[in-house]
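Input: a single structure, listed below in structure tokens.
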Amino acid sequence: MEYDFSGYVTKNDVKCTDGRVIRQGAFAEQDGEIVPLVWHHNGVEDPKNILGQVLLENRPDGVYGYAKFNTTESGQTSKKLVHEGNIKKLSIHARELIERAKNVMHGKIKEVSLVMAGANPGAVIVNVVLSHDGYE
């Protein structure tokens, strides 16, 4: 998949603002899965908030994602915000969590969000691809 940016959608062994800690392998079953990219976890309420998709890659230190924006107006606006460095954080919404004393051992990522500030401090955009879209 050609992608517009990549980064950690969640990092392992980092305390999140909600007190949870994602443990290594918690989302390993989703390696290679594609989930929606949305704006601030609001994709369900308004389809305009669905910005594209993210290919998940399980790594020893977290889950990395390769994101591709869709061609909608909101997708292209978000793409410009990311490319200009206005948005740098990511966040996940996960379900079916198995937790032990605030340690997330297993779950299913349902979507990845572009956010101003996420719960996991390691969930950040690492690489922005500028070559295939005219932003060079």
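The chains in the structure tokens are called A, B, ... from first to last as shown; in each chain the residues are counted from 1, and the ligands are counted from 1 in the order shown.
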Practice problem: Might you pull out every residue within 10 Å of Asn120 in chain A, with only C-alpha atoms counted and same-chain residues fewer than 6 positions away left off, and present them as a list in words? | Solution: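 In the requested form, the answer reads Tyr8, Val9, Thr10, Lys11, Asn12, Asp13, Val14, Lys15, Cys16, Thr17, Asp18, Gly19, Arg20, Val21, Ile22, Lys89, Leu90, Ser91 and Ile92 of chain A.
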Okay, now the selection with all heavy atoms, as a compact mmCIF listing (two decimals), in the first residue's frame?
# COMPACT_ATOMS: atom_id res chain seq x y z
N TYR A 8 3.81 5.37 15.14
CA TYR A 8 3.32 4.45 16.17
C TYR A 8 1.89 4.81 16.54
O TYR A 8 1.62 5.92 16.99
CB TYR A 8 4.22 4.48 17.40
CG TYR A 8 5.47 3.67 17.20
CD1 TYR A 8 6.62 4.27 16.73
CD2 TYR A 8 5.46 2.30 17.45
CE1 TYR A 8 7.77 3.51 16.52
CE2 TYR A 8 6.60 1.54 17.23
CZ TYR A 8 7.75 2.15 16.76
OH TYR A 8 8.87 1.39 16.55
N VAL A 9 0.99 3.85 16.37
CA VAL A 9 -0.39 4.06 16.79
C VAL A 9 -0.53 3.80 18.29
O VAL A 9 -1.42 4.33 18.94
CB VAL A 9 -1.41 3.23 15.97
CG1 VAL A 9 -1.27 3.57 14.48
CG2 VAL A 9 -1.29 1.75 16.19
N THR A 10 0.39 2.99 18.83
CA THR A 10 0.51 2.80 20.28
C THR A 10 1.90 2.24 20.56
O THR A 10 2.46 1.52 19.74
CB THR A 10 -0.59 1.88 20.85
OG1 THR A 10 -0.55 1.93 22.28
CG2 THR A 10 -0.47 0.46 20.38
N LYS A 11 2.46 2.62 21.69
CA LYS A 11 3.75 2.11 22.12
C LYS A 11 3.53 1.22 23.34
O LYS A 11 2.68 1.49 24.18
CB LYS A 11 4.70 3.25 22.50
CG LYS A 11 5.24 4.03 21.33
CD LYS A 11 6.34 3.31 20.60
CE LYS A 11 7.67 3.67 21.19
NZ LYS A 11 8.81 3.35 20.41
N ASN A 12 4.33 0.17 23.44
CA ASN A 12 4.26 -0.75 24.57
C ASN A 12 4.96 -0.19 25.80
O ASN A 12 5.89 0.59 25.68
CB ASN A 12 4.94 -2.08 24.21
CG ASN A 12 4.27 -2.80 23.08
OD1 ASN A 12 3.11 -2.58 22.77
ND2 ASN A 12 5.01 -3.67 22.43
N ASP A 13 4.49 -0.65 26.95
CA ASP A 13 5.15 -0.40 28.23
C ASP A 13 5.29 1.08 28.58
O ASP A 13 6.24 1.49 29.22
CB ASP A 13 6.52 -1.10 28.27
CG ASP A 13 6.39 -2.59 27.96
OD1 ASP A 13 5.45 -3.21 28.49
OD2 ASP A 13 7.20 -3.12 27.19
N VAL A 14 4.31 1.87 28.12
CA VAL A 14 4.24 3.30 28.42
C VAL A 14 2.92 3.55 29.12
O VAL A 14 1.86 3.12 28.64
CB VAL A 14 4.31 4.14 27.12
CG1 VAL A 14 4.14 5.61 27.41
CG2 VAL A 14 5.60 3.88 26.36
N LYS A 15 2.94 4.24 30.25
CA LYS A 15 1.70 4.53 30.96
C LYS A 15 0.91 5.60 30.20
O LYS A 15 1.41 6.69 29.94
CB LYS A 15 1.97 4.99 32.38
CG LYS A 15 0.72 5.08 33.22
CD LYS A 15 1.05 5.36 34.67
CE LYS A 15 -0.20 5.29 35.51
NZ LYS A 15 0.11 5.47 36.93
N CYS A 16 -0.32 5.26 29.86
CA CYS A 16 -1.20 6.19 29.15
C CYS A 16 -1.91 7.10 30.16
O CYS A 16 -1.93 6.82 31.36
CB CYS A 16 -2.24 5.39 28.35
SG CYS A 16 -1.51 4.35 27.07
N THR A 17 -2.50 8.15 29.66
CA THR A 17 -3.17 9.11 30.55
C THR A 17 -4.36 8.49 31.28
O THR A 17 -4.77 9.00 32.32
CB THR A 17 -3.63 10.36 29.79
OG1 THR A 17 -4.50 9.98 28.73
CG2 THR A 17 -2.43 11.13 29.23
N ASP A 18 -4.90 7.39 30.76
CA ASP A 18 -6.01 6.72 31.44
C ASP A 18 -5.51 5.70 32.47
O ASP A 18 -6.29 4.96 33.06
CB ASP A 18 -6.97 6.07 30.45
CG ASP A 18 -6.33 4.95 29.63
OD1 ASP A 18 -5.13 4.64 29.84
OD2 ASP A 18 -7.03 4.40 28.77
N GLY A 19 -4.19 5.63 32.66
CA GLY A 19 -3.60 4.71 33.64
C GLY A 19 -3.28 3.33 33.11
O GLY A 19 -2.67 2.52 33.80
N ARG A 20 -3.68 3.05 31.88
CA ARG A 20 -3.41 1.74 31.28
C ARG A 20 -2.00 1.69 30.71
O ARG A 20 -1.44 2.70 30.31
CB ARG A 20 -4.40 1.45 30.15
CG ARG A 20 -5.80 1.20 30.61
CD ARG A 20 -6.67 0.86 29.40
NE ARG A 20 -7.97 0.43 29.81
CZ ARG A 20 -9.11 0.99 29.40
NH1 ARG A 20 -9.08 2.02 28.57
NH2 ARG A 20 -10.26 0.52 29.81
N VAL A 21 -1.48 0.46 30.62
CA VAL A 21 -0.20 0.20 29.97
C VAL A 21 -0.42 -0.90 28.95
O VAL A 21 -0.90 -1.99 29.30
CB VAL A 21 0.88 -0.22 30.99
CG1 VAL A 21 2.18 -0.56 30.28
CG2 VAL A 21 1.10 0.86 32.04
N ILE A 22 -0.11 -0.62 27.69
CA ILE A 22 -0.22 -1.63 26.63
C ILE A 22 1.01 -2.52 26.72
O ILE A 22 2.14 -2.03 26.71
CB ILE A 22 -0.28 -0.97 25.23
CG1 ILE A 22 -1.37 0.10 25.16
CG2 ILE A 22 -0.42 -2.03 24.14
CD1 ILE A 22 -2.77 -0.39 25.29
N LYS A 89 0.08 13.65 16.44
CA LYS A 89 -0.26 12.61 17.42
C LYS A 89 -1.29 11.64 16.85
O LYS A 89 -2.14 12.00 16.03
CB LYS A 89 -0.82 13.23 18.70
CG LYS A 89 0.07 14.26 19.34
CD LYS A 89 1.24 13.62 20.03
CE LYS A 89 2.06 14.68 20.76
NZ LYS A 89 3.11 14.15 21.52
N LEU A 90 -1.23 10.40 17.37
CA LEU A 90 -2.17 9.35 17.00
C LEU A 90 -2.77 8.75 18.26
O LEU A 90 -2.22 8.88 19.36
CB LEU A 90 -1.45 8.26 16.20
CG LEU A 90 -0.82 8.71 14.89
CD1 LEU A 90 0.08 7.62 14.33
CD2 LEU A 90 -1.90 9.08 13.89
N SER A 91 -3.89 8.09 18.09
CA SER A 91 -4.56 7.43 19.20
C SER A 91 -5.35 6.24 18.64
O SER A 91 -5.78 6.27 17.49
CB SER A 91 -5.51 8.42 19.89
OG SER A 91 -6.15 7.82 21.00
N ILE A 92 -5.54 5.23 19.46
CA ILE A 92 -6.34 4.08 19.04
C ILE A 92 -7.61 3.99 19.86
O ILE A 92 -7.68 4.46 20.99
CB ILE A 92 -5.56 2.75 19.16
CG1 ILE A 92 -5.15 2.49 20.61
CG2 ILE A 92 -4.39 2.71 18.20
CD1 ILE A 92 -4.61 1.09 20.87
Quiz item: If you count only C-alpha atoms, which residues fall within 6 Å of range 45-57 of chain A, apart from same-chain ones fewer than 4 positions away, as number ranges by chain?
Solution: A: 31-39, 63-70, 75
Mind writing the picked residues with N, CA, C and O atoms as a tab-separated table (two decimals), in the first residue's frame?
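Output saved as out00.tsv:
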chain	number	residue	atom	x	y	z
A	31	ASP	N	-1.56	-7.90	13.15
A	31	ASP	CA	-0.46	-7.60	12.24
A	31	ASP	C	-0.92	-7.79	10.80
A	31	ASP	O	-1.44	-8.85	10.44
A	32	GLY	N	-0.78	-6.74	9.99
A	32	GLY	CA	-1.21	-6.80	8.59
A	32	GLY	C	-2.65	-6.42	8.36
A	32	GLY	O	-3.10	-6.33	7.21
A	33	GLU	N	-3.40	-6.14	9.40
A	33	GLU	CA	-4.81	-5.76	9.27
A	33	GLU	C	-4.93	-4.27	8.93
A	33	GLU	O	-4.08	-3.45	9.31
A	34	ILE	N	-5.99	-3.93	8.22
A	34	ILE	CA	-6.27	-2.53	7.87
A	34	ILE	C	-7.49	-2.07	8.65
A	34	ILE	O	-8.51	-2.76	8.68
A	35	VAL	N	-7.35	-0.91	9.32
A	35	VAL	CA	-8.44	-0.32	10.10
A	35	VAL	C	-8.67	1.11	9.62
A	35	VAL	O	-7.79	1.71	8.99
A	36	PRO	N	-9.84	1.69	9.92
A	36	PRO	CA	-10.11	3.06	9.49
A	36	PRO	C	-9.23	4.09	10.20
A	36	PRO	O	-8.86	3.92	11.37
A	37	LEU	N	-8.92	5.17	9.48
A	37	LEU	CA	-8.28	6.36	10.03
A	37	LEU	C	-9.39	7.39	10.19
A	37	LEU	O	-10.10	7.68	9.22
A	38	VAL	N	-9.55	7.91	11.41
A	38	VAL	CA	-10.63	8.86	11.67
A	38	VAL	C	-10.10	10.10	12.40
A	38	VAL	O	-8.97	10.13	12.84
A	39	TRP	N	-10.97	11.08	12.53
A	39	TRP	CA	-10.63	12.32	13.22
A	39	TRP	C	-11.15	12.27	14.64
A	39	TRP	O	-12.35	12.15	14.86
A	63	VAL	N	2.75	-0.95	18.16
A	63	VAL	CA	2.07	-1.17	16.89
A	63	VAL	C	2.34	0.05	16.01
A	63	VAL	O	2.05	1.18	16.39
A	64	TYR	N	2.92	-0.21	14.85
A	64	TYR	CA	3.24	0.84	13.89
A	64	TYR	C	2.15	0.84	12.84
A	64	TYR	O	1.55	-0.20	12.54
A	65	GLY	N	1.87	1.99	12.25
A	65	GLY	CA	0.84	2.08	11.24
A	65	GLY	C	1.30	2.85	10.01
A	65	GLY	O	2.05	3.82	10.12
A	66	TYR	N	0.81	2.41	8.85
A	66	TYR	CA	1.05	3.08	7.58
A	66	TYR	C	-0.30	3.59	7.09
A	66	TYR	O	-1.19	2.80	6.79
A	67	ALA	N	-0.45	4.92	7.04
A	67	ALA	CA	-1.76	5.51	6.77
A	67	ALA	C	-1.85	6.10	5.37
A	67	ALA	O	-0.92	6.73	4.88
A	68	LYS	N	-3.02	5.90	4.78
A	68	LYS	CA	-3.33	6.45	3.46
A	68	LYS	C	-4.62	7.24	3.59
A	68	LYS	O	-5.64	6.74	4.06
A	69	PHE	N	-4.58	8.52	3.21
A	69	PHE	CA	-5.78	9.36	3.24
A	69	PHE	C	-6.68	9.03	2.06
A	69	PHE	O	-6.20	8.70	0.97
A	70	ASN	N	-7.99	9.16	2.28
A	70	ASN	CA	-8.93	8.99	1.18
A	70	ASN	C	-9.03	10.31	0.40
A	70	ASN	O	-8.40	11.31	0.76
A	75	GLY	N	-10.54	14.14	4.15
A	75	GLY	CA	-9.30	13.37	4.05
A	75	GLY	C	-8.17	14.23	3.52
A	75	GLY	O	-7.05	14.20	4.05
Practice problem: Enumerate the residues of range 80-132 of chain A with a DSSP assignment of strand (DSSP E), computed from the backbone, and present them as a list of chain:residue names. | Solution: A:Lys89, A:Leu90, A:Ser91, A:Ile92, A:His93, A:Ala94, A:Arg95, A:Glu96, A:Leu97, A:Ile98, A:Glu99, A:Arg100, A:Asn103, A:Val104, A:Met105, A:His106, A:Gly107, A:Lys108, A:Ile109, A:Lys110, A:Glu111, A:Val112, A:Ser113, A:Leu114, A:Val115, A:Ile125, A:Val126, A:Asn127, A:Val128
Practice problem: Could you please determine the separation between CA of Val115 in chain A and CA of Phe27 in chain A in Å, to one decimal place? | Solution: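 Going from CA of Val115 in chain A over to CA of Phe27 in chain A covers 20.5 Å.
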Practice problem: Considering only C-alpha atoms, state which residue in the set A:Gly43, A:Gly85, A:Pro60, A:Gly25 is at the smallest distance from Val112 in chain A. | Solution: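 Comparing A:Gly43, A:Gly85, A:Pro60, A:Gly25 against Val112 in chain A, the winner is A:Gly43.
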